[in-house]
Amino acid sequence: MADSEPARVEVSLPDETAMEQARARHLTIIKPAGSLGRLESIGIWAAGVQGRCPPRPFMRPRVVVFVGDHSVARTVGTSAYPPEVTAQMVLNFISGGAAVNVLARQGGAEVRVIDVSVDCDVEYLSALGPEIAQHRIRRGSGSIDREDALTQAESAAAFELGQRIADEEIDSGADILIAGDMGIGNTTPAATLVGLLASADAAAVTGLGTGIDDATWMRKCAAVRDAMRRGRPFMGSPQQLLQVVGGADIAAMSGFLLQAALRRTPVILDGTITTAAALAVDRMDYRAKSWWIAGHLAAEPAHSIALSRLDMIPLLDYQMRLGEGTGALLALPIVQSAIALLHDMATFTEAGVSGRGDLGSS
């Protein structure tokens, strides 16, 4: 492993002038000050990431589902489902029948599926077209309780893949991004990363995943504990940490999230897997999180711990644990509503209301 990571271009912060203008505008539109609660702060964030006030509705939201399996599910038995389910779910994504497809249609978003490390013969997915499997880094990431998830070269390739995918989406017109995930065993490396990066115990970050029983939870908890022990020497190097105890899909999501911030493009974070990647990126550049907003609170305990470490409050709490980008997609209309209120509401002057004192606060 390399002793140090290459220098990176620093992430810039959202436009503070536009945010100040949005704060000022909220004081002029026809409502009691602060009466829209968090919708006001969301609108201010939107103004900052767009660099304009009032902000405009996001016109081309894009979901990228990073798909990859993790060998720890097979070697330790940490999941309620076999690895074969991942490839089958890719087929469902492509046919438009998954939850992410349904919610994307509702929110006017497009969905792209990337096979990063699905544990199946590449021919199985290649039959769907070259786009699906052409980016694959490897077949399944390593069992992190006993071996590295990736080689150094694979980790770098996965991270660069995520960056490249972000560039492709932004260059094609995407103005807000969502990183989705799917893969059997992925909550185990996510819990490991959160445990290490948020200084939490293995038992505190280990959840029920896809609905495991108590015996499986105990095996999973032991795997997270062992993986945390293996990863602890690499705490000073987030990319090495992704290599040792992350996985190809999580490394790709990390590159995606960092590149979005570098390209000044906002992201709605989804659940546990995406937020574990976000924690790693936060260690690379603390400014990156200024470009993200937390869509929802997943049922996995690691998610609330990760969000707390990022100092982010989710928009929704529906006790979801599906992944795919579904929680972020549910939050998208809330973001759009906050923008519409800031953009379209009349001011006191326009409405002919003589002063804010004429409005009650009830």
# chains A, B, ... in the order shown; residues from 1 in each chain; ligands from 1
$ residues_around --residues "segment 103-114 of chain A" --least-positions-apart "3" --cutoff "6 Å" --atoms "only C-alpha atoms" --output "MDAnalysis selection string"
chainID A and resid 61:66 100 132
$ write_last_selection --atoms "N, CA and C atoms" --output "JSON list (two decimals), in the first residue's frame"
[["chain", "number", "residue", "atom", "x", "y", "z"],
["A", 61, "PRO", "N", -33.09, 15.42, -12.07],
["A", 61, "PRO", "CA", -32.54, 14.57, -11.01],
["A", 61, "PRO", "C", -32.14, 13.21, -11.59],
["A", 62, "ARG", "N", -31.07, 12.66, -11.08],
["A", 62, "ARG", "CA", -30.53, 11.41, -11.61],
["A", 62, "ARG", "C", -30.13, 10.48, -10.48],
["A", 63, "VAL", "N", -30.56, 9.24, -10.54],
["A", 63, "VAL", "CA", -30.20, 8.21, -9.56],
["A", 63, "VAL", "C", -29.22, 7.25, -10.21],
["A", 64, "VAL", "N", -28.10, 7.00, -9.55],
["A", 64, "VAL", "CA", -27.16, 5.99, -10.00],
["A", 64, "VAL", "C", -27.10, 4.91, -8.92],
["A", 65, "VAL", "N", -27.50, 3.70, -9.28],
["A", 65, "VAL", "CA", -27.50, 2.59, -8.33],
["A", 65, "VAL", "C", -26.21, 1.80, -8.53],
["A", 66, "PHE", "N", -25.35, 1.83, -7.51],
["A", 66, "PHE", "CA", -24.09, 1.10, -7.54],
["A", 66, "PHE", "C", -24.33, -0.28, -6.93],
["A", 100, "VAL", "N", -37.05, 1.62, -6.58],
["A", 100, "VAL", "CA", -36.37, 2.83, -7.05],
["A", 100, "VAL", "C", -36.95, 3.31, -8.36],
["A", 132, "ILE", "N", -24.34, -2.27, -18.72],
["A", 132, "ILE", "CA", -24.54, -2.75, -17.36],
["A", 132, "ILE", "C", -23.25, -3.27, -16.73]]
$ select_by_dssp --residues "segment 180-295 of chain A" --states "alpha helix (DSSP H)" --output "PyMOL selection string"
chain A and resi 187-197+202-205+214-231+238-245+248-262+272-284
$ closest_residue --among "A:Val118, A:Met19, A:Ala277, A:Leu315" --to "Thr192 of chain A" --atoms "only C-alpha atoms"
A:Ala277
$ closest_residue --among "A:Arg287, A:Arg146, A:Arg263, A:Arg321" --to "Val76 of chain A" --atoms "only C-alpha atoms"
A:Arg146
$ closest_residue --among "A:Val205, A:Ala18, A:Val353, A:Val116" --to "Thr86 of chain A" --atoms "only C-alpha atoms"
A:Val116
$ atom_distance --atom1 "atom CA of Leu150 of chain A" --atom2 "atom CA of Ser79 of chain A"
20.5 Å
$ closest_residue --among "A:Ala276, A:Ala306, A:Cys53, A:Met312" --to "Ala200 of chain A" --atoms "only C-alpha atoms"
A:Ala306
$ residues_around --residues "segment 164-175 of chain A" --least-positions-apart "6" --cutoff "9 Å" --atoms "only C-alpha atoms" --output "short mmCIF file (atom, residue, chain, number, x, y, z; two decimals) with N, CA and C atoms, in the first residue's frame"
data_model
loop_
_atom_site.label_atom_id
_atom_site.label_comp_id
_atom_site.auth_asym_id
_atom_site.auth_seq_id
_atom_site.Cartn_x
_atom_site.Cartn_y
_atom_site.Cartn_z
N GLN A 50 -27.03 26.07 -5.91
CA GLN A 50 -27.29 26.53 -7.27
C GLN A 50 -26.59 27.85 -7.59
N PHE A 58 -35.14 21.74 -9.47
CA PHE A 58 -34.20 20.83 -10.12
C PHE A 58 -34.91 20.16 -11.29
N MET A 59 -34.32 20.26 -12.47
CA MET A 59 -34.97 19.80 -13.69
C MET A 59 -34.55 18.41 -14.13
N ARG A 60 -33.36 17.97 -13.71
CA ARG A 60 -32.92 16.66 -14.16
C ARG A 60 -32.27 15.88 -13.01
N PRO A 61 -33.09 15.42 -12.07
CA PRO A 61 -32.54 14.57 -11.01
C PRO A 61 -32.14 13.21 -11.59
N ARG A 62 -31.07 12.66 -11.08
CA ARG A 62 -30.53 11.41 -11.61
C ARG A 62 -30.13 10.48 -10.48
N VAL A 64 -28.10 7.00 -9.55
CA VAL A 64 -27.16 5.99 -10.00
C VAL A 64 -27.10 4.91 -8.92
N ALA A 252 -16.70 3.12 -5.08
CA ALA A 252 -17.24 3.84 -6.23
C ALA A 252 -18.20 4.94 -5.78
N GLY A 255 -16.16 7.91 -4.56
CA GLY A 255 -15.67 8.73 -5.65
C GLY A 255 -16.77 9.56 -6.27
N PHE A 256 -17.95 8.99 -6.37
CA PHE A 256 -19.11 9.68 -6.93
C PHE A 256 -19.48 10.89 -6.07
N LEU A 257 -19.53 10.70 -4.75
CA LEU A 257 -19.91 11.79 -3.85
C LEU A 257 -18.87 12.90 -3.83
N LEU A 258 -17.59 12.52 -3.83
CA LEU A 258 -16.55 13.55 -3.82
C LEU A 258 -16.56 14.34 -5.13
N GLN A 259 -16.68 13.64 -6.24
CA GLN A 259 -16.65 14.33 -7.52
C GLN A 259 -17.85 15.26 -7.70
N ALA A 260 -19.01 14.84 -7.20
CA ALA A 260 -20.18 15.71 -7.25
C ALA A 260 -19.91 17.02 -6.52
N ARG A 263 -17.58 19.15 -8.42
CA ARG A 263 -18.26 19.74 -9.57
C ARG A 263 -19.41 20.65 -9.16
N THR A 265 -22.17 20.10 -7.55
CA THR A 265 -23.48 19.50 -7.86
C THR A 265 -24.05 18.87 -6.60
N PRO A 266 -25.27 19.23 -6.21
CA PRO A 266 -25.84 18.72 -4.95
C PRO A 266 -26.22 17.25 -5.02
#
$ closest_residue --among "A:Ile339, A:Tyr124, A:Glu160, A:Gly142" --to "Pro54 of chain A" --atoms "only C-alpha atoms"
A:Ile339
